[in-house]
Structures are given as C-alpha cells and as structure tokens.
>>> print(open('my_file21.cif').read())   # mmCIF, C-alpha atoms
data_final
loop_
_atom_site.group_PDB
_atom_site.id
_atom_site.type_symbol
_atom_site.label_atom_id
_atom_site.label_comp_id
_atom_site.auth_asym_id
_atom_site.auth_seq_id
_atom_site.Cartn_x
_atom_site.Cartn_y
_atom_site.Cartn_z
ATOM 1 C CA MET A 1266 6.061 35.467 29.297
ATOM 2 C CA VAL A 1267 6.774 37.969 32.081
ATOM 3 C CA LEU A 1268 6.744 41.743 31.611
ATOM 4 C CA ALA A 1269 8.056 43.828 34.497
ATOM 5 C CA GLY A 1270 8.552 47.563 34.458
ATOM 6 C CA GLY A 1271 8.697 50.742 36.447
ATOM 7 C CA ARG A 1272 10.796 53.771 37.113
ATOM 8 C CA ASP A 1273 14.050 51.803 37.313
ATOM 9 C CA GLY A 1274 13.766 50.034 33.975
ATOM 10 C CA ARG A 1275 11.956 47.131 32.400
ATOM 11 C CA PHE A 1276 12.343 43.395 31.970
ATOM 12 C CA GLU A 1277 10.820 41.065 29.404
ATOM 13 C CA GLY A 1278 11.437 37.351 29.489
ATOM 14 C CA SER A 1279 9.992 34.197 28.035
ATOM 15 C CA ALA A 1280 10.887 30.527 28.195
ATOM 16 C CA GLY A 1281 9.510 27.103 27.372
ATOM 17 C CA VAL A 1282 7.962 25.685 24.245
ATOM 18 C CA ARG A 1283 5.003 26.613 22.082
ATOM 19 C CA ASP A 1284 3.777 23.028 22.086
ATOM 20 C CA ILE A 1285 5.191 19.773 23.380
ATOM 21 C CA ARG A 1286 4.885 17.875 20.118
ATOM 22 C CA SER A 1287 7.088 20.161 18.018
ATOM 23 C CA GLY A 1288 9.208 21.617 20.796
ATOM 24 C CA ARG A 1289 9.150 25.006 19.054
ATOM 25 C CA GLU A 1290 10.151 28.014 21.132
ATOM 26 C CA ALA A 1291 7.303 29.600 23.053
ATOM 27 C CA LEU A 1292 5.682 32.666 21.528
ATOM 28 C CA ALA A 1293 6.627 35.638 23.683
ATOM 29 C CA ASP A 1294 3.294 37.341 23.013
ATOM 30 C CA GLY A 1295 1.113 34.433 21.997
ATOM 31 C CA ARG A 1296 -2.535 34.521 22.944
ATOM 32 C CA ILE A 1297 -3.568 32.890 26.209
ATOM 33 C CA ARG A 1298 -6.726 32.481 28.253
ATOM 34 C CA ALA A 1299 -6.746 35.311 30.791
ATOM 35 C CA GLY A 1300 -9.260 33.761 33.202
ATOM 36 C CA SER A 1301 -10.496 36.078 35.933
ATOM 37 C CA VAL A 1302 -8.463 39.028 34.676
ATOM 38 C CA THR A 1303 -11.652 39.350 32.591
ATOM 39 C CA LYS A 1304 -13.254 40.844 35.712
ATOM 40 C CA VAL A 1305 -11.076 43.946 35.359
ATOM 41 C CA VAL A 1306 -12.611 44.587 31.949
ATOM 42 C CA ASN A 1307 -16.111 43.900 33.273
ATOM 43 C CA ALA A 1308 -15.691 46.262 36.212
ATOM 44 C CA SER A 1309 -14.319 48.955 33.896
ATOM 45 C CA VAL A 1310 -17.439 48.804 31.723
ATOM 46 C CA VAL A 1311 -19.760 49.032 34.738
ATOM 47 C CA LEU A 1312 -17.849 51.993 36.175
ATOM 48 C CA GLN A 1313 -17.943 53.784 32.817
ATOM 49 C CA LEU A 1314 -21.724 53.442 32.790
ATOM 50 C CA ALA A 1315 -21.816 54.830 36.315
ATOM 51 C CA ALA A 1316 -19.715 57.797 35.192
ATOM 52 C CA GLU A 1317 -22.247 58.447 32.427
ATOM 53 C CA ASP A 1318 -25.119 58.351 34.967
ATOM 54 C CA ARG A 1319 -26.635 55.448 33.077
ATOM 55 C CA LEU A 1320 -26.248 53.258 36.125
ATOM 56 C CA SER A 1321 -25.916 53.864 39.855
ATOM 57 C CA LEU A 1322 -23.683 51.665 41.973
ATOM 58 C CA ASP A 1323 -26.422 51.883 44.581
ATOM 59 C CA SER A 1324 -29.004 50.451 42.175
ATOM 60 C CA THR A 1325 -30.191 47.033 43.247
ATOM 61 C CA VAL A 1326 -30.586 43.730 41.470
ATOM 62 C CA GLN A 1327 -34.178 43.740 42.690
ATOM 63 C CA GLU A 1328 -34.816 47.051 40.893
ATOM 64 C CA LEU A 1329 -32.970 46.125 37.715
ATOM 65 C CA PHE A 1330 -34.386 42.608 37.428
ATOM 66 C CA PRO A 1331 -37.720 42.433 39.282
ATOM 67 C CA GLY A 1332 -38.497 38.896 40.334
ATOM 68 C CA LEU A 1333 -35.021 37.518 39.608
ATOM 69 C CA LEU A 1334 -34.101 37.104 43.264
ATOM 70 C CA THR A 1335 -36.403 34.982 45.407
ATOM 71 C CA ASP A 1336 -38.159 36.123 48.578
ATOM 72 C CA ALA A 1337 -35.237 34.617 50.507
ATOM 73 C CA PHE A 1338 -33.235 37.691 49.506
ATOM 74 C CA THR A 1339 -34.747 40.048 52.051
ATOM 75 C CA HIS A 1340 -32.044 42.712 51.720
ATOM 76 C CA PRO A 1341 -31.268 44.776 48.617
ATOM 77 C CA VAL A 1342 -28.242 43.589 46.628
ATOM 78 C CA THR A 1343 -26.528 46.569 45.035
ATOM 79 C CA VAL A 1344 -24.319 46.856 41.979
ATOM 80 C CA ARG A 1345 -21.500 47.795 44.344
ATOM 81 C CA ASN A 1346 -22.071 44.548 46.286
ATOM 82 C CA LEU A 1347 -21.579 42.637 43.045
ATOM 83 C CA LEU A 1348 -18.451 44.591 42.137
ATOM 84 C CA ASN A 1349 -16.698 43.908 45.449
ATOM 85 C CA HIS A 1350 -18.048 40.400 46.043
ATOM 86 C CA THR A 1351 -20.177 41.248 49.072
ATOM 87 C CA SER A 1352 -23.541 40.319 47.536
ATOM 88 C CA GLY A 1353 -24.132 37.096 49.450
ATOM 89 C CA ILE A 1354 -25.382 35.412 46.262
ATOM 90 C CA GLN A 1355 -24.058 31.880 46.070
ATOM 91 C CA ALA A 1356 -22.272 30.182 43.192
ATOM 92 C CA GLY A 1357 -24.368 28.847 40.370
ATOM 93 C CA ALA A 1358 -23.899 25.747 38.264
ATOM 94 C CA GLY A 1359 -20.449 25.305 36.772
ATOM 95 C CA LEU A 1360 -18.484 22.758 34.826
ATOM 96 C CA ASN A 1361 -16.371 21.892 37.832
ATOM 97 C CA GLY A 1362 -15.931 18.648 39.763
ATOM 98 C CA PRO A 1363 -13.106 16.103 39.462
ATOM 99 C CA TRP A 1364 -10.635 16.557 36.623
ATOM 100 C CA GLU A 1365 -11.987 13.617 34.661
ATOM 101 C CA GLU A 1366 -15.482 15.113 34.783
ATOM 102 C CA GLN A 1367 -14.279 18.550 33.725
ATOM 103 C CA TYR A 1368 -12.357 17.114 30.791
ATOM 104 C CA ALA A 1369 -15.256 14.970 29.636
ATOM 105 C CA HIS A 1370 -17.521 18.024 29.542
ATOM 106 C CA ARG A 1371 -14.980 20.515 28.196
ATOM 107 C CA PHE A 1372 -17.049 21.190 25.062
ATOM 108 C CA ASP A 1373 -20.382 21.513 26.859
ATOM 109 C CA ARG A 1374 -22.248 24.789 26.724
ATOM 110 C CA LEU A 1375 -23.667 26.066 30.003
ATOM 111 C CA PRO A 1376 -26.302 28.793 29.433
ATOM 112 C CA VAL A 1377 -25.939 31.921 31.528
ATOM 113 C CA ALA A 1378 -29.600 31.671 32.524
ATOM 114 C CA GLU A 1379 -28.928 28.276 34.072
ATOM 115 C CA VAL A 1380 -25.939 29.590 36.019
ATOM 116 C CA VAL A 1381 -28.047 32.416 37.435
ATOM 117 C CA ARG A 1382 -31.096 30.261 38.111
ATOM 118 C CA THR A 1383 -29.132 27.700 40.126
ATOM 119 C CA ALA A 1384 -27.351 30.425 42.079
ATOM 120 C CA VAL A 1385 -30.532 32.233 43.049
ATOM 121 C CA ALA A 1386 -32.282 28.978 43.984
ATOM 122 C CA LYS A 1387 -29.795 28.458 46.813
ATOM 123 C CA GLY A 1388 -30.793 31.653 48.552
ATOM 124 C CA PRO A 1389 -28.300 34.073 50.110
ATOM 125 C CA ALA A 1390 -25.242 32.860 51.981
ATOM 126 C CA PHE A 1391 -25.173 36.075 54.044
ATOM 127 C CA ALA A 1392 -26.684 39.547 54.084
ATOM 128 C CA PRO A 1393 -25.182 41.936 51.493
ATOM 129 C CA GLY A 1394 -22.146 43.743 52.869
ATOM 130 C CA GLU A 1395 -21.773 41.354 55.786
ATOM 131 C CA ARG A 1396 -18.905 39.337 54.308
ATOM 132 C CA GLN A 1397 -16.758 39.145 51.211
ATOM 133 C CA GLN A 1398 -16.828 35.969 49.123
ATOM 134 C CA TYR A 1399 -15.127 35.861 45.759
ATOM 135 C CA LEU A 1400 -17.482 34.256 43.226
ATOM 136 C CA ASN A 1401 -17.930 34.426 39.459
ATOM 137 C CA ILE A 1402 -21.697 34.805 39.802
ATOM 138 C CA ASN A 1403 -21.239 38.442 40.843
ATOM 139 C CA TYR A 1404 -19.623 39.310 37.527
ATOM 140 C CA THR A 1405 -22.083 37.213 35.556
ATOM 141 C CA LEU A 1406 -24.858 39.379 36.967
ATOM 142 C CA LEU A 1407 -22.867 42.547 36.270
ATOM 143 C CA ALA A 1408 -22.605 41.579 32.611
ATOM 144 C CA LEU A 1409 -26.352 41.035 32.463
ATOM 145 C CA ILE A 1410 -26.802 44.502 33.959
ATOM 146 C CA VAL A 1411 -24.516 45.957 31.282
ATOM 147 C CA GLU A 1412 -26.671 44.314 28.621
ATOM 148 C CA LYS A 1413 -29.888 45.630 30.169
ATOM 149 C CA VAL A 1414 -28.588 49.194 30.482
ATOM 150 C CA THR A 1415 -26.970 49.399 27.040
ATOM 151 C CA GLY A 1416 -29.215 47.093 25.032
ATOM 152 C CA ARG A 1417 -26.101 45.496 23.549
ATOM 153 C CA PRO A 1418 -24.280 42.191 24.123
ATOM 154 C CA PHE A 1419 -21.725 42.433 26.904
ATOM 155 C CA GLU A 1420 -18.912 41.339 24.588
ATOM 156 C CA ALA A 1421 -19.695 44.120 22.100
ATOM 157 C CA GLU A 1422 -19.887 46.765 24.817
ATOM 158 C CA ALA A 1423 -16.646 45.618 26.478
ATOM 159 C CA THR A 1424 -14.861 45.651 23.139
ATOM 160 C CA ARG A 1425 -16.174 49.107 22.268
ATOM 161 C CA ARG A 1426 -15.459 50.623 25.649
ATOM 162 C CA VAL A 1427 -12.259 48.894 26.825
ATOM 163 C CA LEU A 1428 -10.499 46.564 24.392
ATOM 164 C CA GLY A 1429 -10.718 48.918 21.426
ATOM 165 C CA PRO A 1430 -9.768 52.216 23.115
ATOM 166 C CA LEU A 1431 -6.828 50.602 24.928
ATOM 167 C CA GLY A 1432 -5.489 49.049 21.730
ATOM 168 C CA MET A 1433 -5.997 45.477 22.945
ATOM 169 C CA ARG A 1434 -6.129 44.105 19.394
ATOM 170 C CA ALA A 1435 -5.147 40.542 20.335
ATOM 171 C CA SER A 1436 -7.942 40.285 22.902
ATOM 172 C CA TYR A 1437 -11.459 39.010 22.330
ATOM 173 C CA PHE A 1438 -14.353 37.143 23.934
ATOM 174 C CA PRO A 1439 -14.588 33.622 22.450
ATOM 175 C CA GLY A 1440 -18.263 32.910 23.078
ATOM 176 C CA ASP A 1441 -18.970 29.352 21.914
ATOM 177 C CA GLU A 1442 -15.593 28.925 20.238
ATOM 178 C CA VAL A 1443 -13.500 26.095 21.683
ATOM 179 C CA GLY A 1444 -10.165 27.029 20.132
ATOM 180 C CA ILE A 1445 -7.928 30.091 20.385
ATOM 181 C CA ARG A 1446 -7.628 32.263 17.295
ATOM 182 C CA GLY A 1447 -4.292 33.203 15.780
ATOM 183 C CA ALA A 1448 -0.833 32.558 17.193
ATOM 184 C CA HIS A 1449 -0.945 31.043 20.667
ATOM 185 C CA ASN A 1450 0.896 28.731 23.016
ATOM 186 C CA ARG A 1451 -0.864 25.474 23.758
ATOM 187 C CA GLY A 1452 -2.038 24.715 27.286
ATOM 188 C CA TYR A 1453 -1.581 21.417 29.099
ATOM 189 C CA GLN A 1454 -2.829 19.689 32.223
ATOM 190 C CA LEU A 1455 -0.534 17.195 33.936
ATOM 191 C CA VAL A 1456 -2.568 14.045 34.566
ATOM 192 C CA ASP A 1457 -0.861 10.994 36.088
ATOM 193 C CA GLY A 1458 2.457 12.136 34.686
ATOM 194 C CA VAL A 1459 1.061 12.761 31.194
ATOM 195 C CA HIS A 1460 0.625 16.205 29.633
ATOM 196 C CA VAL A 1461 -2.931 16.400 28.290
ATOM 197 C CA ASP A 1462 -3.561 19.151 25.721
ATOM 198 C CA VAL A 1463 -6.415 21.342 27.039
ATOM 199 C CA THR A 1464 -6.076 24.235 24.615
ATOM 200 C CA ARG A 1465 -9.473 23.560 23.070
ATOM 201 C CA TRP A 1466 -12.109 24.187 25.726
ATOM 202 C CA ARG A 1467 -15.470 25.943 25.700
ATOM 203 C CA MET A 1468 -15.562 28.670 28.367
ATOM 204 C CA THR A 1469 -19.274 29.493 28.480
ATOM 205 C CA ASP A 1470 -19.556 28.634 32.175
ATOM 206 C CA ARG A 1471 -17.240 31.566 32.997
ATOM 207 C CA TRP A 1472 -18.455 34.097 30.384
ATOM 208 C CA ALA A 1473 -17.878 37.693 31.491
ATOM 209 C CA ALA A 1474 -16.255 36.508 34.724
ATOM 210 C CA GLY A 1475 -13.392 34.666 33.062
ATOM 211 C CA ASP A 1476 -13.495 33.838 29.346
ATOM 212 C CA LEU A 1477 -11.299 36.605 27.857
ATOM 213 C CA VAL A 1478 -8.578 35.546 25.415
ATOM 214 C CA SER A 1479 -5.676 37.996 25.491
ATOM 215 C CA SER A 1480 -1.891 38.329 25.290
ATOM 216 C CA PRO A 1481 0.761 39.557 27.744
ATOM 217 C CA ALA A 1482 1.206 42.820 25.814
ATOM 218 C CA ASP A 1483 -2.541 43.430 25.813
ATOM 219 C CA LEU A 1484 -2.778 42.700 29.522
ATOM 220 C CA LYS A 1485 -0.088 45.324 30.070
ATOM 221 C CA ARG A 1486 -2.225 47.776 28.093
ATOM 222 C CA LEU A 1487 -5.182 46.926 30.310
ATOM 223 C CA LEU A 1488 -3.151 47.396 33.485
ATOM 224 C CA VAL A 1489 -1.789 50.796 32.475
ATOM 225 C CA GLY A 1490 -5.117 51.886 31.005
ATOM 226 C CA VAL A 1491 -6.954 51.156 34.238
ATOM 227 C CA PHE A 1492 -4.395 52.653 36.608
ATOM 228 C CA THR A 1493 -3.963 55.878 34.611
ATOM 229 C CA GLY A 1494 -7.685 56.502 34.273
ATOM 230 C CA ALA A 1495 -7.789 55.857 30.530
ATOM 231 C CA ALA A 1496 -10.243 52.993 31.024
ATOM 232 C CA VAL A 1497 -12.265 54.389 33.932
ATOM 233 C CA PRO A 1498 -12.910 58.064 34.814
ATOM 234 C CA ARG A 1499 -10.973 59.182 37.874
ATOM 235 C CA THR A 1500 -13.966 59.558 40.196
ATOM 236 C CA GLN A 1501 -15.231 56.042 39.557
ATOM 237 C CA LEU A 1502 -11.676 54.693 39.484
ATOM 238 C CA GLU A 1503 -11.549 55.032 43.269
ATOM 239 C CA GLU A 1504 -13.957 52.094 43.467
ATOM 240 C CA MET A 1505 -11.182 49.912 42.035
ATOM 241 C CA PHE A 1506 -8.879 50.939 44.871
ATOM 242 C CA THR A 1507 -11.411 50.756 47.698
ATOM 243 C CA VAL A 1508 -11.741 47.564 49.742
ATOM 244 C CA PRO A 1509 -14.923 47.326 51.838
ATOM 245 C CA ASP A 1510 -14.478 47.704 55.580
ATOM 246 C CA ILE A 1511 -15.052 44.032 56.357
ATOM 247 C CA ASP A 1512 -12.755 41.714 58.291
ATOM 248 C CA GLY A 1513 -10.524 39.803 55.906
ATOM 249 C CA ALA A 1514 -11.647 41.711 52.804
ATOM 250 C CA THR A 1515 -8.982 42.223 50.108
ATOM 251 C CA MET A 1516 -11.025 42.709 46.924
ATOM 252 C CA SER A 1517 -12.307 45.917 45.417
ATOM 253 C CA ALA A 1518 -14.147 46.501 42.147
ATOM 254 C CA GLY A 1519 -12.269 44.201 39.775
ATOM 255 C CA LEU A 1520 -8.947 44.232 41.630
ATOM 256 C CA GLU A 1521 -7.388 42.787 44.762
ATOM 257 C CA ARG A 1522 -5.157 44.502 47.312
ATOM 258 C CA PHE A 1523 -1.920 42.802 48.370
ATOM 259 C CA ASP A 1524 -0.107 44.146 51.425
ATOM 260 C CA LEU A 1525 3.543 43.087 51.055
ATOM 261 C CA GLY A 1526 4.680 44.623 54.325
ATOM 262 C CA ASP A 1527 6.749 47.719 55.124
ATOM 263 C CA GLY A 1528 3.936 49.836 53.751
ATOM 264 C CA LYS A 1529 4.201 48.370 50.263
ATOM 265 C CA VAL A 1530 0.794 47.841 48.679
ATOM 266 C CA VAL A 1531 0.169 46.249 45.291
ATOM 267 C CA TRP A 1532 -3.100 46.030 43.363
ATOM 268 C CA GLY A 1533 -3.790 43.398 40.745
ATOM 269 C CA LYS A 1534 -5.761 40.445 39.461
ATOM 270 C CA SER A 1535 -4.852 36.892 38.566
ATOM 271 C CA GLY A 1536 -6.695 34.404 36.424
ATOM 272 C CA ALA A 1537 -6.569 30.684 35.703
ATOM 273 C CA ARG A 1538 -8.228 28.444 33.153
ATOM 274 C CA PRO A 1539 -7.272 24.897 32.175
ATOM 275 C CA GLY A 1540 -3.763 25.101 30.791
ATOM 276 C CA TYR A 1541 -3.229 28.820 31.396
ATOM 277 C CA ASN A 1542 -2.389 31.339 34.122
ATOM 278 C CA ALA A 1543 -2.367 35.112 33.771
ATOM 279 C CA GLY A 1544 -1.901 38.059 36.069
ATOM 280 C CA ILE A 1545 -1.526 41.832 36.220
ATOM 281 C CA ALA A 1546 -0.293 43.841 39.204
ATOM 282 C CA ALA A 1547 1.168 47.246 40.000
ATOM 283 C CA THR A 1548 1.741 49.797 42.678
ATOM 284 C CA ARG A 1549 -0.908 52.510 42.551
ATOM 285 C CA ASP A 1550 1.557 55.005 41.013
ATOM 286 C CA LEU A 1551 2.804 52.463 38.440
ATOM 287 C CA SER A 1552 6.332 52.773 39.809
ATOM 288 C CA ARG A 1553 6.476 48.988 39.486
ATOM 289 C CA THR A 1554 4.335 46.814 37.231
ATOM 290 C CA VAL A 1555 4.245 43.146 36.354
ATOM 291 C CA VAL A 1556 2.259 41.128 33.841
ATOM 292 C CA TYR A 1557 2.573 37.403 33.238
ATOM 293 C CA GLY A 1558 0.984 34.920 30.916
ATOM 294 C CA VAL A 1559 2.069 31.328 31.273
ATOM 295 C CA THR A 1560 0.874 27.855 30.434
ATOM 296 C CA GLY A 1561 0.493 26.001 33.727
ATOM 297 C CA THR A 1562 0.004 22.261 34.003
ATOM 298 C CA THR A 1563 -2.252 22.648 37.050
ATOM 299 C CA ALA A 1564 -3.713 26.025 36.133
ATOM 300 C CA LYS A 1565 -7.041 25.529 37.843
ATOM 301 C CA GLU A 1566 -5.377 24.842 41.173
ATOM 302 C CA SER A 1567 -2.140 26.814 41.005
ATOM 303 C CA GLY A 1568 -3.174 30.451 40.664
ATOM 304 C CA GLY A 1569 -1.667 31.417 44.033
ATOM 305 C CA PRO A 1570 1.690 29.660 43.579
ATOM 306 C CA VAL A 1571 2.017 30.995 40.027
ATOM 307 C CA ALA A 1572 1.386 34.559 41.206
ATOM 308 C CA ALA A 1573 3.917 34.063 44.015
ATOM 309 C CA ARG A 1574 6.488 32.830 41.523
ATOM 310 C CA PHE A 1575 6.037 35.300 38.678
ATOM 311 C CA GLY A 1576 4.288 38.289 40.207
ATOM 312 C CA ILE A 1577 5.269 39.077 43.781
ATOM 313 C CA PRO A 1578 9.096 38.840 43.337
ATOM 314 C CA ALA A 1579 8.952 41.742 40.895
ATOM 315 C CA PHE A 1580 7.962 43.990 43.788
ATOM 316 C CA GLY A 1581 10.983 43.074 45.864
#
>>> encode(input="my_file21.cif", output="structure tokens")
Amino acid sequence: MVLAGGRDGRFEGSAGVRDIRSGREALADGRIRAGSVTKVVNASVVLQLAAEDRLSLDSTVQELFPGLLTDAFTHPVTVRNLLNHTSGIQAGAGLNGPWEEQYAHRFDRLPVAEVVRTAVAKGPAFAPGERQQYLNINYTLLALIVEKVTGRPFEAEATRRVLGPLGMRASYFPGDEVGIRGAHNRGYQLVDGVHVDVTRWRMTDRWAAGDLVSSPADLKRLLVGVFTGAAVPRTQLEEMFTVPDIDGATMSAGLERFDLGDGKVVWGKSGARPGYNAGIAATRDLSRTVVYGVTGTTAKESGGPVAARFGIPAFG
C-alpha cells in the first residue's frame, strides 16, 4: 500500500496478494510490522517528557542509571546523544546472523537487560558527539529512561501519549506475541527460490527500537501528527529536524534528512522486519507526503531499495 499526498492532490494504491496460498487480494490497510518507524514514536515520547520538564535532553545515562555504564565510558552520554545516534554505545546482542540462524531462533525471547549488558560490555566505539552511528541500542536505552521517569511500561506510555491521541487504533506493541492481531497481509522471505512465511516472529530483540505493529493509515496519522506538532510540542519538535553538525550525519531525533538536490529536503523514517517494509516521509511543510507499507521478500536487506522505489519518486 502506498499513500501519497500534498497540495496538488492525493494518491492511494495497493497491489499484490494477502497471502500466497489463497491468492486473495492484498488488504489495502492491513496491519504490518513497522520496524524502525517505531523510533519516531519513541522519540516523540521522550520529547514530550522534555517539554514537561520531567526530563532534560542534557541529562546523562550516568546520572539516570548510576553504574550502568562501565568505567570505559569516560565521557557523559546524554539523552540527546541517544536520540540522534551519537552516543558511541555499541550494538548489543541481537537475533541476527545468517538467515537460517535467524529463522531457527525466530520465536526466541531476548531480554532487554541482556541486550543492554552486552552492549555496555563492549565499551564505547567513540566519544559521544564525535560520530553518528545508527543503532537500535540508543532507542532501547531511551525506552528504559521513559520507564524510569514515568514509572510505567514504555508500551503503555507510548500508547497513552502518541498512539491514542493520534487515533492510531490499528497500532500496538506486540511484546511476546509472535503473530499479528486482526486483519493483516502475510510476510514472506525468499529463500532459494521459495517463499517462506515469516509472519509469525517474536520481536523482543528490537522492542522500542522496532517492534511496532501498525497500518499504512496509522503511519500517515503518525507522520502528520509529528510534523504538525500534535505529537510533540513545537519547541521540542525542532530536535526532530536538527541534524548534529558532524561529517556525514543525516539523522535527527527519530527522523532522517534526505537531500534530493535543487534545495529539496525530505524528512522521514523507514523500517524493515522479516517479511515487511514500512516508511514515512514528507517535506517539512507537508506539501508532499508519502507513506508505504509493503511485504518484502528480502525485508531485512532491502530497506534502501524499497524506499527508493516507493518513497523517493513521490517527491519528484
């Protein structure tokens, strides 16, 4: 499903099948796994807390979680460093590896504490603010900060603060669930010429960095809600449109900047999980928007090509 809109009209299109076995027509607004678009929700919650003075973006992980980071982390790691992926904290354990290994462990549960412990044990890759490196661990730690500040589970706080107010009724955090609730299109991975059904998959290794289940219409609500300031107060919203002054940096708090040339700048976020690709993008003034949710047979590897195919062309 692709939703494109703006000042000169709108386009909605869908194609394909709901599942290979029956060949039924694809659901235009069936639920999908949104992958790293989850980070937009996460960042919105953190920025709301900052707007309420319950959290400072200059607060450090060392202050919030004394003893969590080892002595190897000699520089303070701020909340802002986590938001824009400049923390220097390395990736933790994940259910990655060769396809066969991923598939064999698709129902495994990876505790958040283990992800964090293995990340911290590696020590910093660079001093905070020195470089930008996109990693899920940053948003895992942000979710833990949300829980510490609010005293509530991240999923509950994100639902109360973002999903609910924006009317994202098809969206939810699956937790330990391996299936997708309600009407959805099945996801497949192409393996040696065979389509393997990967719809059922436990996403605990991604948690608040990439486990959101959503729909194209809900992702459009998220996009518009963020850009108009409905999800994040205007002052804090600037963090989502500010890229750190570092060579090669493109990511802000939750979003990524795409310079398409001739002065045209687009902000958005893509996501990929086994069997699914999703993306949201828009010009800052919402004069052109695009949302896509597709089932991709190489979703884990094809985020860039999928965005190039379904997202970028909408911006001319």
>>> residues_near_point(input="my_file21.cif", point="(0.4, 53.3, 42.8)", cutoff="10 Å", atoms="only C-alpha atoms", output="VMD selection string")
chain A and resid 1492 to 1493 1506 1529 to 1532 1547 to 1554
>>> atom_distance(input="my_file21.cif", atom1="CA of Gly1416 (chain A)", atom2="CA of Gly1388 (chain A)")
28.2 Å
>>> closest_residue(input="my_file21.cif", among="A:Leu1348, A:Leu1409, A:Ala1390, A:Gly1558", to="Glu1422 (chain A)", atoms="all atoms listed in the file")
A:Leu1409
>>> resolve_selection(input="my_file21.cif", expression="the PyMOL selection byres ((chain A and resi 1317-1327) around 12)", output="compact mmCIF listing (two decimals) with C-alpha atoms, in the frame of the given file")
# COMPACT_ATOMS: atom_id res chain seq x y z
CA ALA A 1308 -15.69 46.26 36.21
CA VAL A 1310 -17.44 48.80 31.72
CA VAL A 1311 -19.76 49.03 34.74
CA LEU A 1312 -17.85 51.99 36.17
CA GLN A 1313 -17.94 53.78 32.82
CA LEU A 1314 -21.72 53.44 32.79
CA ALA A 1315 -21.82 54.83 36.32
CA ALA A 1316 -19.72 57.80 35.19
CA GLU A 1328 -34.82 47.05 40.89
CA LEU A 1329 -32.97 46.12 37.72
CA PHE A 1330 -34.39 42.61 37.43
CA PRO A 1331 -37.72 42.43 39.28
CA GLY A 1332 -38.50 38.90 40.33
CA LEU A 1333 -35.02 37.52 39.61
CA LEU A 1334 -34.10 37.10 43.26
CA THR A 1335 -36.40 34.98 45.41
CA ASP A 1336 -38.16 36.12 48.58
CA PHE A 1338 -33.24 37.69 49.51
CA THR A 1339 -34.75 40.05 52.05
CA HIS A 1340 -32.04 42.71 51.72
CA PRO A 1341 -31.27 44.78 48.62
CA VAL A 1342 -28.24 43.59 46.63
CA THR A 1343 -26.53 46.57 45.04
CA VAL A 1344 -24.32 46.86 41.98
CA ARG A 1345 -21.50 47.80 44.34
CA ASN A 1346 -22.07 44.55 46.29
CA LEU A 1347 -21.58 42.64 43.04
CA LEU A 1348 -18.45 44.59 42.14
CA ASN A 1349 -16.70 43.91 45.45
CA SER A 1352 -23.54 40.32 47.54
CA ILE A 1354 -25.38 35.41 46.26
CA VAL A 1385 -30.53 32.23 43.05
CA PRO A 1393 -25.18 41.94 51.49
CA ASN A 1403 -21.24 38.44 40.84
CA LEU A 1406 -24.86 39.38 36.97
CA LEU A 1407 -22.87 42.55 36.27
CA LEU A 1409 -26.35 41.04 32.46
CA ILE A 1410 -26.80 44.50 33.96
CA VAL A 1411 -24.52 45.96 31.28
CA GLU A 1412 -26.67 44.31 28.62
CA LYS A 1413 -29.89 45.63 30.17
CA VAL A 1414 -28.59 49.19 30.48
CA THR A 1415 -26.97 49.40 27.04
CA GLY A 1416 -29.22 47.09 25.03
CA VAL A 1497 -12.26 54.39 33.93
CA PRO A 1498 -12.91 58.06 34.81
CA THR A 1500 -13.97 59.56 40.20
CA GLN A 1501 -15.23 56.04 39.56
CA GLU A 1504 -13.96 52.09 43.47
CA ALA A 1518 -14.15 46.50 42.15
>>> closest_residue(input="my_file21.cif", among="A:Glu1420, A:Asp1512, A:Glu1365, A:Glu1521", to="Lys1534 (chain A)", atoms="all atoms listed in the file")
A:Glu1521
>>> resolve_selection(input="my_file21.cif", expression="the PyMOL selection byres ((chain A and resi 1301) around 8)", output="ChimeraX atom specification")
/A:1299-1300,1302-1305,1474-1476,1534-1537
>>> axis_aligned_box(input="my_file21.cif", around="region 1372-1378 of chain A", padding_each_side="8 Å", output="AutoDock Vina command-line options")
--center_x -23.3 --center_y 26.6 --center_z 28.8 --size_x 28.6 --size_y 26.7 --size_z 23.5
>>> resolve_selection(input="my_file21.cif", expression="the PyMOL selection byres ((chain A and resi 1513) around 12)", output="list in words")
Thr1351, Glu1395, Arg1396, Gln1397, Gln1398, Tyr1399, Val1508, Pro1509, Asp1510, Ile1511, Asp1512, Ala1514, Thr1515, Met1516, Glu1521, Arg1522 and Phe1523 of chain A
